[in-house]
Every structure is written in C-alpha cells, then in structure tokens.
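Student: Hey, dropping structure10.txt in here, compact mmCIF, C-alpha atoms and all ligand atoms:
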```txt
# COMPACT_ATOMS: atom_id res chain seq x y z
CA MET A 1 0.00 0.00 0.00
CA ASP A 2 1.51 3.29 -1.14
CA LEU A 3 1.18 6.42 0.96
CA PHE A 4 0.84 9.99 -0.20
CA GLU A 5 3.68 12.37 0.63
CA TYR A 6 1.70 13.98 3.47
CA GLN A 7 0.96 10.61 5.05
CA GLY A 8 4.61 9.59 4.68
CA LYS A 9 5.69 12.82 6.35
CA GLN A 10 3.22 12.34 9.20
CA LEU A 11 4.68 8.84 9.65
CA PHE A 12 8.24 10.17 9.53
CA ALA A 13 7.42 12.79 12.15
CA ARG A 14 6.29 10.04 14.53
CA TYR A 15 9.77 8.53 14.28
CA GLY A 16 11.43 11.88 14.97
CA ILE A 17 12.55 12.57 11.41
CA PRO A 18 12.58 16.34 10.80
CA VAL A 19 9.99 17.48 8.25
CA SER A 20 8.68 20.97 7.55
CA ALA A 21 5.65 22.27 9.43
CA GLY A 22 2.63 21.81 7.21
CA ASP A 23 -0.87 20.50 6.71
CA VAL A 24 -2.99 18.78 4.11
CA ALA A 25 -5.87 20.61 2.40
CA SER A 26 -8.59 19.64 -0.03
CA THR A 27 -9.97 23.13 -0.66
CA VAL A 28 -8.43 26.52 -1.40
CA ASP A 29 -9.61 27.92 1.95
CA GLU A 30 -8.07 25.01 3.82
CA ALA A 31 -4.84 25.58 1.92
CA VAL A 32 -4.74 29.22 3.03
CA ARG A 33 -5.38 28.22 6.64
CA ALA A 34 -2.57 25.65 6.41
CA ALA A 35 -0.22 28.28 4.96
CA ASP A 36 -1.07 30.82 7.67
CA ALA A 37 -0.28 28.18 10.28
CA ALA A 38 2.96 27.00 8.62
CA GLY A 39 4.29 30.55 8.09
CA TYR A 40 5.26 32.15 4.77
CA PRO A 41 6.85 31.48 2.36
CA VAL A 42 5.20 28.10 1.75
CA VAL A 43 5.24 25.45 -0.92
CA VAL A 44 1.93 24.09 -2.22
CA LYS A 45 2.40 20.48 -3.29
CA ALA A 46 0.03 18.27 -5.27
CA GLN A 47 -0.66 14.99 -3.48
CA VAL A 48 -0.54 12.31 -6.14
CA GLN A 49 1.32 9.02 -6.09
CA VAL A 50 3.59 9.79 -8.98
CA GLY A 51 7.00 11.46 -9.18
CA GLY A 52 8.03 14.51 -11.16
CA ARG A 53 5.26 16.66 -9.72
CA GLY A 54 7.42 19.79 -9.86
CA LYS A 55 7.96 19.59 -13.60
CA ALA A 56 4.24 18.98 -14.12
CA GLY A 57 3.38 22.24 -12.33
CA GLY A 58 2.20 20.48 -9.18
CA ILE A 59 4.66 22.19 -6.78
CA LYS A 60 4.58 25.97 -6.33
CA LEU A 61 6.16 28.47 -3.99
CA ALA A 62 3.85 31.09 -2.44
CA VAL A 63 4.85 34.14 -0.41
CA SER A 64 1.36 35.34 0.48
CA ALA A 65 -2.18 34.10 1.09
CA ASP A 66 -3.16 35.45 -2.35
CA GLU A 67 -0.48 33.36 -4.01
CA VAL A 68 -1.56 30.29 -2.03
CA ARG A 69 -5.09 30.89 -3.34
CA THR A 70 -3.90 31.12 -6.93
CA HIS A 71 -1.67 28.06 -6.75
CA ALA A 72 -4.04 25.85 -4.72
CA ALA A 73 -6.87 26.68 -7.14
CA ALA A 74 -4.67 25.71 -10.08
CA ILE A 75 -3.27 22.53 -8.54
CA LEU A 76 -6.46 21.08 -6.98
CA GLY A 77 -8.20 19.14 -9.74
CA MET A 78 -5.09 19.13 -11.92
CA ASP A 79 -4.30 15.92 -13.80
CA ILE A 80 -0.71 14.78 -13.32
CA LYS A 81 0.19 11.79 -15.48
CA GLY A 82 -3.35 10.45 -15.18
CA HIS A 83 -3.65 11.14 -11.43
CA VAL A 84 -6.22 13.74 -10.40
CA VAL A 85 -5.14 15.97 -7.50
CA HIS A 86 -7.67 15.83 -4.65
CA ARG A 87 -5.43 17.28 -1.94
CA VAL A 88 -2.47 19.57 -1.56
CA TRP A 89 0.17 19.56 1.15
CA VAL A 90 1.14 23.05 2.25
CA GLU A 91 4.39 23.42 4.16
CA HIS A 92 6.80 26.10 5.23
CA ALA A 93 9.33 26.53 2.39
CA SER A 94 12.93 25.47 2.96
CA ASP A 95 16.17 27.00 1.76
CA ILE A 96 18.27 24.34 0.09
CA SER A 97 22.07 24.07 -0.06
CA GLU A 98 22.23 20.47 -1.21
CA GLU A 99 19.82 17.71 -2.21
CA TYR A 100 20.49 14.07 -1.31
CA TYR A 101 18.72 10.77 -1.77
CA ALA A 102 18.09 8.15 0.92
CA SER A 103 16.06 4.94 1.01
CA PHE A 104 15.61 1.55 2.62
CA THR A 105 14.09 -1.37 0.83
CA LEU A 106 14.33 -5.15 0.72
CA ASP A 107 16.99 -6.98 -1.25
CA ARG A 108 15.03 -10.17 -1.80
CA SER A 109 17.86 -12.19 -3.33
CA ALA A 110 20.24 -11.35 -0.47
CA LYS A 111 17.43 -11.75 2.11
CA LYS A 112 18.67 -8.53 3.67
CA TYR A 113 17.64 -4.91 3.82
CA LEU A 114 19.24 -2.53 1.36
CA GLY A 115 20.00 1.10 2.16
CA MET A 116 20.82 3.50 -0.64
CA LEU A 117 22.28 6.94 -0.13
CA SER A 118 23.47 9.45 -2.70
CA ALA A 119 24.81 12.98 -2.73
CA GLN A 120 22.97 13.37 -6.03
CA GLY A 121 19.38 13.72 -4.88
CA GLY A 122 16.42 15.61 -6.23
CA VAL A 123 16.45 13.64 -9.47
CA GLU A 124 15.03 10.17 -10.05
CA ILE A 125 17.32 7.57 -8.49
CA GLU A 126 16.92 5.39 -11.60
CA THR A 127 18.61 8.16 -13.60
CA VAL A 128 21.49 8.35 -11.12
CA ALA A 129 21.80 4.55 -11.16
CA GLU A 130 22.04 4.61 -14.95
CA GLU A 131 24.26 7.61 -15.54
CA ASN A 132 26.42 7.58 -12.45
CA PRO A 133 26.08 4.29 -10.54
CA ASP A 134 29.13 5.05 -8.35
CA ALA A 135 27.25 8.02 -6.90
CA ILE A 136 24.99 5.64 -4.95
CA ALA A 137 26.41 4.26 -1.69
CA ARG A 138 24.76 0.99 -0.72
CA ILE A 139 24.59 -0.83 2.56
CA THR A 140 23.15 -4.30 3.12
CA ILE A 141 21.75 -4.82 6.58
CA ASP A 142 21.16 -8.15 8.24
CA PRO A 143 17.67 -7.86 9.77
CA VAL A 144 18.84 -9.72 12.88
CA ASP A 145 21.73 -7.30 13.52
CA GLY A 146 19.91 -4.13 12.48
CA LEU A 147 21.65 -0.90 11.48
CA ARG A 148 24.36 0.05 13.97
CA GLU A 149 25.51 3.63 14.31
CA ASP A 150 29.13 2.91 13.32
CA ALA A 151 28.00 1.10 10.17
CA CYS A 152 25.63 3.96 9.39
CA ARG A 153 28.43 6.51 9.81
CA ALA A 154 30.71 4.57 7.45
CA TRP A 155 27.89 4.38 4.92
CA VAL A 156 27.35 8.16 5.09
CA ALA A 157 31.10 8.72 4.66
CA GLN A 158 31.05 6.50 1.58
CA ALA A 159 28.26 8.62 0.03
CA LYS A 160 30.47 11.75 0.32
CA LEU A 161 27.80 14.07 1.63
CA SER A 162 29.00 17.47 2.69
CA PRO A 163 30.77 17.21 6.13
CA ALA A 164 28.21 19.65 7.53
CA ALA A 165 25.50 17.08 6.77
CA THR A 166 27.16 14.03 8.33
CA ASP A 167 25.72 14.09 11.85
CA GLY A 168 22.25 15.10 10.73
CA ALA A 169 22.23 12.43 8.04
CA VAL A 170 23.34 9.68 10.44
CA ASP A 171 20.61 10.71 12.88
CA ILE A 172 17.90 10.72 10.20
CA LEU A 173 19.02 7.46 8.62
CA LEU A 174 18.89 5.62 11.96
CA LYS A 175 15.37 6.97 12.52
CA LEU A 176 14.36 6.17 8.96
CA TYR A 177 15.58 2.63 9.48
CA HIS A 178 13.33 2.36 12.53
CA ALA A 179 10.40 3.75 10.59
CA TYR A 180 11.11 1.16 7.90
CA VAL A 181 11.40 -1.88 10.17
CA ASP A 182 9.00 -1.09 13.02
CA GLY A 183 6.57 0.55 10.61
CA ASP A 184 6.45 -2.61 8.45
CA ALA A 185 7.26 -0.75 5.25
CA ASP A 186 8.47 -2.28 1.98
CA LEU A 187 10.05 0.99 1.01
CA VAL A 188 10.89 4.30 2.65
CA GLU A 189 12.47 6.95 0.46
CA ILE A 190 13.46 10.57 1.03
CA ASN A 191 14.21 12.42 -2.19
CA PRO A 192 15.37 15.03 -1.65
CA LEU A 193 16.89 14.84 1.77
CA ILE A 194 18.22 18.37 2.07
CA LEU A 195 21.00 20.24 3.76
CA THR A 196 19.95 23.80 4.56
CA PRO A 197 22.28 26.84 4.66
CA GLU A 198 21.97 26.69 8.47
CA GLY A 199 23.44 23.17 8.38
CA LYS A 200 20.20 21.32 9.17
CA VAL A 201 19.35 18.03 7.48
CA HIS A 202 15.71 17.57 6.71
CA ALA A 203 13.23 15.43 4.71
CA LEU A 204 11.66 17.46 1.90
CA ASP A 205 9.73 14.60 0.31
CA ALA A 206 8.45 11.23 1.53
CA LYS A 207 7.68 8.05 -0.33
CA VAL A 208 6.45 5.12 1.75
CA SER A 209 5.06 1.78 0.72
CA LEU A 210 3.63 -0.38 3.50
CA ASP A 211 3.69 -4.18 3.59
CA GLU A 212 0.02 -5.22 3.37
CA ASN A 213 0.85 -8.55 5.00
CA ALA A 214 1.52 -6.68 8.24
CA ARG A 215 -1.81 -4.90 8.24
CA PHE A 216 -3.23 -7.08 11.03
CA ARG A 217 -0.86 -5.44 13.52
CA HIS A 218 -1.48 -1.88 12.33
CA PRO A 219 -5.07 -0.82 13.00
CA GLU A 220 -3.87 2.75 12.43
CA TRP A 221 -3.39 1.94 8.74
CA ASP A 222 -7.17 1.90 8.26
CA GLU A 223 -7.05 5.64 7.63
CA PHE A 224 -4.76 5.05 4.63
CA VAL A 225 -6.97 2.51 2.88
CA GLY A 226 -8.71 3.49 -0.29
CA LEU A 227 -7.67 7.15 -0.32
CA GLU A 228 -5.78 6.74 -3.58
CA LYS A 229 -8.78 5.08 -5.19
CA THR A 230 -11.07 7.29 -7.21
CA ASP A 231 -12.76 4.42 -9.05
CA ALA A 232 -15.86 3.49 -6.99
CA ARG A 233 -15.44 -0.17 -7.95
CA GLU A 234 -11.82 -0.19 -6.76
CA LEU A 235 -12.84 1.52 -3.54
CA GLU A 236 -15.49 -1.12 -2.83
CA ALA A 237 -13.07 -3.94 -3.74
CA SER A 238 -10.35 -2.55 -1.49
CA GLU A 239 -12.82 -2.30 1.41
CA LYS A 240 -13.58 -5.99 0.84
CA GLY A 241 -9.84 -6.81 0.74
CA LEU A 242 -9.90 -7.94 -2.90
CA GLN A 243 -7.08 -7.57 -5.41
CA TYR A 244 -9.06 -5.66 -8.04
CA VAL A 245 -8.19 -3.32 -10.88
CA GLY A 246 -11.01 -1.67 -12.81
CA LEU A 247 -10.85 -1.84 -16.62
CA ASP A 248 -13.27 -0.53 -19.21
CA GLY A 249 -14.71 -3.66 -20.86
CA THR A 250 -17.91 -5.66 -20.38
CA VAL A 251 -16.74 -9.10 -19.20
CA GLY A 252 -16.32 -9.26 -15.43
CA VAL A 253 -13.38 -11.50 -14.55
CA ILE A 254 -12.84 -13.53 -11.37
CA ALA A 255 -9.81 -15.80 -11.11
CA ASN A 256 -7.65 -17.34 -8.42
CA GLY A 257 -4.04 -16.21 -8.59
CA ALA A 258 -2.70 -13.03 -10.14
CA GLY A 259 -1.13 -14.90 -13.06
CA LEU A 260 -4.35 -16.69 -13.92
CA ALA A 261 -6.32 -13.44 -13.54
CA MET A 262 -4.01 -11.75 -16.04
CA ALA A 263 -4.18 -14.71 -18.41
CA THR A 264 -7.98 -14.54 -18.13
CA CYS A 265 -8.00 -10.88 -19.12
CA ASP A 266 -5.68 -11.73 -22.01
CA ILE A 267 -7.82 -14.54 -23.32
CA VAL A 268 -10.97 -12.41 -23.17
CA HIS A 269 -9.13 -9.96 -25.44
CA GLU A 270 -7.88 -12.79 -27.60
CA VAL A 271 -11.40 -13.94 -28.44
CA GLY A 272 -12.57 -10.42 -29.23
CA GLY A 273 -13.99 -9.23 -25.91
CA ARG A 274 -12.89 -6.72 -23.31
CA PRO A 275 -12.45 -7.44 -19.59
CA ALA A 276 -14.28 -5.12 -17.18
CA ASN A 277 -11.69 -5.75 -14.51
CA PHE A 278 -8.82 -7.77 -13.15
CA LEU A 279 -9.76 -9.62 -9.97
CA ASP A 280 -7.63 -12.14 -8.12
CA ILE A 281 -9.46 -13.87 -5.26
CA GLY A 282 -6.32 -15.68 -4.10
CA GLY A 283 -5.81 -19.35 -3.32
CA GLY A 284 -8.64 -20.30 -1.00
CA ALA A 285 -11.72 -19.48 -3.11
CA SER A 286 -14.04 -19.65 -0.09
CA ALA A 287 -17.74 -18.96 -0.48
CA GLN A 288 -17.43 -15.62 1.31
CA VAL A 289 -14.56 -14.37 -0.85
CA MET A 290 -16.40 -15.51 -3.98
CA ALA A 291 -19.57 -13.74 -2.79
CA ASN A 292 -17.58 -10.55 -2.18
CA ALA A 293 -16.04 -10.79 -5.64
CA LEU A 294 -19.41 -11.38 -7.30
CA GLU A 295 -20.89 -8.45 -5.44
CA VAL A 296 -18.20 -6.02 -6.63
CA ILE A 297 -18.58 -7.21 -10.22
CA ASN A 298 -22.37 -7.15 -9.99
CA ASN A 299 -22.25 -3.49 -8.92
CA ASP A 300 -20.33 -2.54 -12.07
CA PRO A 301 -23.04 -1.35 -14.49
CA ALA A 302 -20.77 -1.97 -17.50
CA VAL A 303 -20.58 -5.72 -16.86
CA ARG A 304 -22.69 -7.81 -19.29
CA ALA A 305 -21.30 -11.28 -18.49
CA ILE A 306 -19.09 -12.82 -15.80
CA PHE A 307 -16.23 -15.23 -16.38
CA ILE A 308 -15.13 -17.20 -13.31
CA ASN A 309 -11.84 -18.96 -13.98
CA ILE A 310 -10.62 -21.17 -11.15
CA PHE A 311 -7.77 -23.62 -11.09
CA GLY A 312 -8.03 -25.92 -8.10
CA GLY A 313 -4.72 -26.53 -6.38
CA ILE A 314 -4.71 -27.14 -2.67
CA THR A 315 -8.37 -26.14 -2.72
CA LYS A 316 -10.19 -29.03 -4.35
CA GLY A 317 -12.66 -28.69 -7.22
CA GLU A 318 -15.69 -29.66 -5.12
CA GLU A 319 -14.83 -27.04 -2.48
CA VAL A 320 -14.55 -24.41 -5.20
CA ALA A 321 -17.86 -25.50 -6.73
CA ASN A 322 -19.61 -25.45 -3.35
CA GLY A 323 -18.14 -22.03 -2.70
CA ILE A 324 -19.54 -20.71 -5.97
CA VAL A 325 -22.96 -22.24 -5.31
CA GLN A 326 -23.13 -20.77 -1.80
CA ALA A 327 -21.97 -17.39 -3.08
CA LEU A 328 -24.72 -17.39 -5.71
CA GLU A 329 -27.26 -18.04 -2.97
CA GLN A 330 -26.02 -14.93 -1.15
CA VAL A 331 -25.86 -12.51 -4.07
CA SER A 332 -28.38 -12.15 -6.85
CA ILE A 333 -26.45 -11.55 -10.02
CA ALA A 334 -27.68 -9.51 -12.97
CA SER A 335 -25.31 -11.00 -15.57
CA PRO A 336 -24.98 -14.52 -16.98
CA ILE A 337 -22.01 -16.46 -15.59
CA VAL A 338 -19.54 -18.76 -17.29
CA ILE A 339 -17.37 -20.97 -15.12
CA ARG A 340 -14.21 -22.76 -16.07
CA LEU A 341 -13.09 -25.07 -13.32
CA ASP A 342 -9.93 -27.09 -13.69
CA GLY A 343 -7.18 -28.62 -11.57
CA THR A 344 -7.49 -30.90 -8.55
CA ASN A 345 -10.82 -32.78 -8.54
CA ALA A 346 -12.15 -30.63 -11.37
CA GLU A 347 -14.60 -33.33 -12.48
CA GLU A 348 -16.13 -33.63 -9.03
CA GLY A 349 -16.48 -29.87 -8.98
CA ARG A 350 -18.10 -29.72 -12.40
CA ALA A 351 -20.52 -32.46 -11.37
CA ILE A 352 -21.70 -30.24 -8.52
CA LEU A 353 -22.05 -27.21 -10.80
CA SER A 354 -23.95 -29.20 -13.44
CA LYS A 355 -26.92 -29.44 -11.05
CA TYR A 356 -27.23 -25.67 -11.11
CA GLU A 357 -26.60 -25.05 -14.77
CA SER A 358 -29.05 -22.99 -16.80
CA ASP A 359 -28.84 -20.53 -19.67
CA ARG A 360 -27.55 -18.01 -17.10
CA LEU A 361 -25.00 -20.28 -15.47
CA VAL A 362 -22.86 -22.43 -17.71
CA SER A 363 -19.68 -24.40 -17.25
CA ARG A 364 -17.00 -24.83 -19.90
CA PRO A 365 -14.04 -27.21 -19.65
CA THR A 366 -11.34 -24.97 -21.15
CA MET A 367 -10.32 -21.35 -20.76
CA VAL A 368 -10.73 -20.48 -24.41
CA GLU A 369 -14.20 -22.02 -24.68
CA ALA A 370 -15.27 -20.28 -21.51
CA ALA A 371 -13.89 -16.96 -22.74
CA ARG A 372 -15.72 -17.30 -26.07
CA THR A 373 -18.98 -18.12 -24.32
CA ALA A 374 -18.59 -15.18 -21.94
CA VAL A 375 -17.91 -12.76 -24.79
CA GLU A 376 -20.87 -14.09 -26.78
CA MET A 377 -23.13 -13.73 -23.77
CA ALA A 378 -21.93 -10.20 -23.16
CA GLU A 379 -22.58 -9.25 -26.78
CA ALA A 380 -25.99 -10.95 -26.86
CA ARG A 381 -27.34 -8.83 -24.02
CA PRO A 382 -29.30 -5.69 -24.94
P1 LIG A 401 8.73 15.24 -6.77
O1 LIG A 401 9.48 15.89 -7.89
O2 LIG A 401 7.35 14.88 -7.18
O3 LIG A 401 9.47 14.08 -6.17
O4 LIG A 401 8.54 16.36 -5.60
P2 LIG A 401 9.56 16.83 -4.45
O5 LIG A 401 8.80 16.99 -3.21
O6 LIG A 401 10.73 15.93 -4.39
O7 LIG A 401 10.01 18.27 -4.94
C1 LIG A 401 10.65 18.46 -6.17
C2 LIG A 401 11.65 19.57 -6.07
O8 LIG A 401 11.01 20.77 -5.73
C3 LIG A 401 12.71 19.35 -5.01
O9 LIG A 401 13.76 18.54 -5.47
C4 LIG A 401 13.14 20.78 -4.73
O10 LIG A 401 14.13 21.16 -5.65
C5 LIG A 401 11.87 21.59 -4.98
N1 LIG A 401 11.27 21.95 -3.69
C6 LIG A 401 10.33 21.26 -2.99
N2 LIG A 401 10.08 21.85 -1.81
C7 LIG A 401 10.88 22.95 -1.74
C8 LIG A 401 11.12 23.96 -0.75
O11 LIG A 401 10.55 23.98 0.36
N3 LIG A 401 12.05 24.91 -1.05
C9 LIG A 401 12.72 24.91 -2.24
N4 LIG A 401 13.62 25.84 -2.44
N5 LIG A 401 12.54 23.97 -3.17
C10 LIG A 401 11.64 23.00 -2.94
MN MN A 402 10.76 13.81 -4.64
```
Show the structure stored in the file as structure tokens.

Tutor:
Amino acid sequence: MDLFEYQGKQLFARYGIPVSAGDVASTVDEAVRAADAAGYPVVVKAQVQVGGRGKAGGIKLAVSADEVRTHAAAILGMDIKGHVVHRVWVEHASDISEEYYASFTLDRSAKKYLGMLSAQGGVEIETVAEENPDAIARITIDPVDGLREDACRAWVAQAKLSPAATDGAVDILLKLYHAYVDGDADLVEINPLILTPEGKVHALDAKVSLDENARFRHPEWDEFVGLEKTDARELEASEKGLQYVGLDGTVGVIANGAGLAMATCDIVHEVGGRPANFLDIGGGASAQVMANALEVINNDPAVRAIFINIFGGITKGEEVANGIVQALEQVSIASPIVIRLDGTNAEEGRAILSKYESDRLVSRPTMVEAARTAVEMAEARP
C-alpha cells in the first residue's frame, strides 16, 4: 500500500525525522489556513502518487495568502500523469544548499535490507543509477543485527555528503531505518533529503510503501486505505480486501491467482472481448470471498457477463464449486455467468455445478471455450 507524501511525512514525524511544518488541504480555503499556520513562504504540493510533480506544475512556492489561493486553485483538480489531484500539502518553504537521496528497501535475493544513499538527490534515483552508478552508496543490513551507528556513519562517509550534513544524516538514517522496520514498510524513500544553509538536514519529500501482509498489527493503517482510489469499484473492492483493478470492458473477470487473472483478461481480449476488470481472489476461493467478488462485479453497471476462472490446487474442485454455489445463494447476479473449473478434482467440482446449470450459469471445460462463451453472452445482451 503506497502512501501519499503527506501521510509519509506524518509517519516520519512520529519517528522523529525532521519534516517541515505543514498540513494537508482539499480546498483553497483550507490551503490558506494551512499556509497561515505554517508561516510564509510556503510550498503548495500536489498529493498524487507519482514522481516529477514539480515539472508537471504540481509544486509551487507562495509568499502570500493570495499566491496560495492562486496556486491551490490551479493545482487542486489538476491531472498529473493520469492522477487527479484531490489534496495539496502546504508546508513552510525550505532553503536548500544540497539535495540528497536516501532509502531503505528489501533486497530479496540477499534476504537482507538494502539502504541507498546518494549525494545526487532531487532527481530520479533510476537516472542516477544509470548515468552515475558510483554516486549511490549501498549498505546491506542483516535484519537480525539491524543498522548500527558505526555502520551507518561509514555508509554516510562512503556517500560523500558534505561534512556539515554528516551528523544530521546519520541521525535521520537511523530513525528512517526504525520507521522502515517497526513501521512494516516495503520501502521508505526521502528524495530530496536536504542540507539547509543553516546546516540542518531535513526530509523534503516522503515516499512510503507499506507491507500489506503486516496490516493485522497496524489498525492505524485503516485511515490510509482506499484514499488513492477514485474508481468506486476499486474503492469497494479494497474495502472488501480484494485484489481488483477496474478496466473498461464488459466481461467481469474472477480468477484465483494473479497470473491466472491476467491470463484470463488476455484470453478475453484474444477472443474479441474486453475485460471489465482484473480480480484475483487468491488461493482459498471460499464462499465468502467468492460472494464478495461477485458483489463487486455485480455493482459494475458496464458488466454484461461474468467469467469465473478457477484452477483448483490445494483447494479441491468440489470445495470451489460449493463455494460458488453458496456465493450465488447470497448474491443475486444480474449477468450470466460462465465458469471454467480445472485442476485438482475438477470433475467432481463440475458435477456439482452441473446441477445448477441454466442458460444463465454455464460451465466450460477450457479457458478459451469459456472466454468465447462469456464474450458471446456479453454481446448478446441488450
Ligand atoms: P517530486 O518531484 O514529485 O518528487 O517532488 P519533491 O517533493 O521531491 O520536490 C521536487 C523539487 O522541488 C525538489 O527537489 C526541490 O528542488 C523543490 N522543492 C520542494 N520543496 C521545496 C522547498 O521547500 N524549497 C525549495 N527551495 N525547493 C523545494
Ligand atoms: Mn521527490
């Protein structure tokens, strides 16, 4: 789960990482109030989960309430690379001497954490990695040992930050490491991490991605859920804990496993149809999860037919079939449904489904036949 900059900064502040005084605003008036509180000059920053906001006109300096009004009015509602701006973050502007880059993430192949630090911040780290890979100092951290101060200091020295920034950087990096580990993040990134003319080191931006698997121990994350979703279907799906991406076709897709869900979307295309969504219900395929999935798809007015594509693995075919049958008892579905059930005990599963078959609920043995039927059904509907 990705956070907006303002949420990342609020999280950083809880771990003692210095960030500028500021507040989030969703209207022009709120933006002015936030600016008055932060103290002028301020920067007005578009809150969208995409980089390069500055170049797109989504970050503006304002020296007065009038300028805040002008900029907030222009930025709210702006479209930045397909992301509509619903909120701005208004913070006291900083003077910058130098811009650095800092992050922690997971090095999956090494089974360790990876810290990256560069004196060349403010630009995309991918660009630095490509054009000047030696400018990135890396540290691998054994999760059992953690990040010790001496190791952190050596890492900062290796990155060749300005000497004035050393102590401040070490302090922030140790706190950022805590935010990363204790906060159950997959990624924490500060770009730019700045050195001010007064010699202070300070986070000017925040990018945080949280590990959804740890959500059970973070009730406070509830406030983050769904905020980035503007598609009503995606919002509903995320509230139900489903892996759903809205698309613009007419065939609602339900599959178990992300790979199979993608293949299902592909094959719908292949036979001349268009998927209304990607939806992965995961391995279990329980009746409740299936009912939730059917409900989300049923609420999409563009859906004309539903294609359920399940490959039984650990979950046996008859359990999947019973799950589908129970789900259909819970939700009344407007669209005809095509089911392709394969894998472990597929025949037993199909035998169960056959008792319920009608012209609105059909079973097909292969993916391609099921996809064709679903597309035909979608096209046949008025
Ligand atoms: P991003 O481009 O979307 O990652 O947005 P950032 O928050 O990283 O800001 C982009 C750039 O805007 C930074 O690298 C700075 O150069 C500039 N910027 C942002 N905030 C301030 C500020 O308070 N003062 C000054 N002088 N520049 C800022
Ligand atoms: Mn940035």

Student: Pick the closest to Ile324 of chain A from A:Ile267, A:Ala159, A:Leu361, A:Ile194: which is it, counting all atoms listed in the file?

Tutor: A:Leu361

Student: So which one's closest to Met116 of chain A, A:Lys200, A:Leu173, A:Asp167, A:Trp89? Using only C-alpha atoms, please.

Tutor: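 The shortest atom-to-atom distance to Met116 of chain A comes from A:Leu173.
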
Student: Just how far from atom CA of Gly252 of chain A is atom CA of Ala334 of chain A, in Å to one decimal?

Tutor: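 Interatomic distance, atom CA of Ala334 of chain A to atom CA of Gly252 of chain A: 11.6 Å.
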
Student: Which residues form the shell of 7 Å around ligand LIG 401 (chain A) when you count all atoms listed in the file, given as JSON, numbers by chain?

Tutor: {"A": [42, 43, 50, 51, 52, 53, 54, 55, 59, 92, 93, 94, 95, 96, 99, 122, 123, 191, 192, 204, 205]}

Student: Would you pick out the contacts of segment 375-379 of chain A at 9 Å or less, using only C-alpha atoms, so that residues sharing its chain but fewer than 4 positions from it are not included, and give the list as a list in words?

Tutor: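 Using only C-alpha atoms, the neighbours found are Thr250, Val251, Val268, Val271, Gly272, Gly273, Arg274, Val303, Arg304, Ala305, Ile306, Phe307, Ser335, Pro336, Ile337, Val338, Ala370 and Ala371 of chain A.
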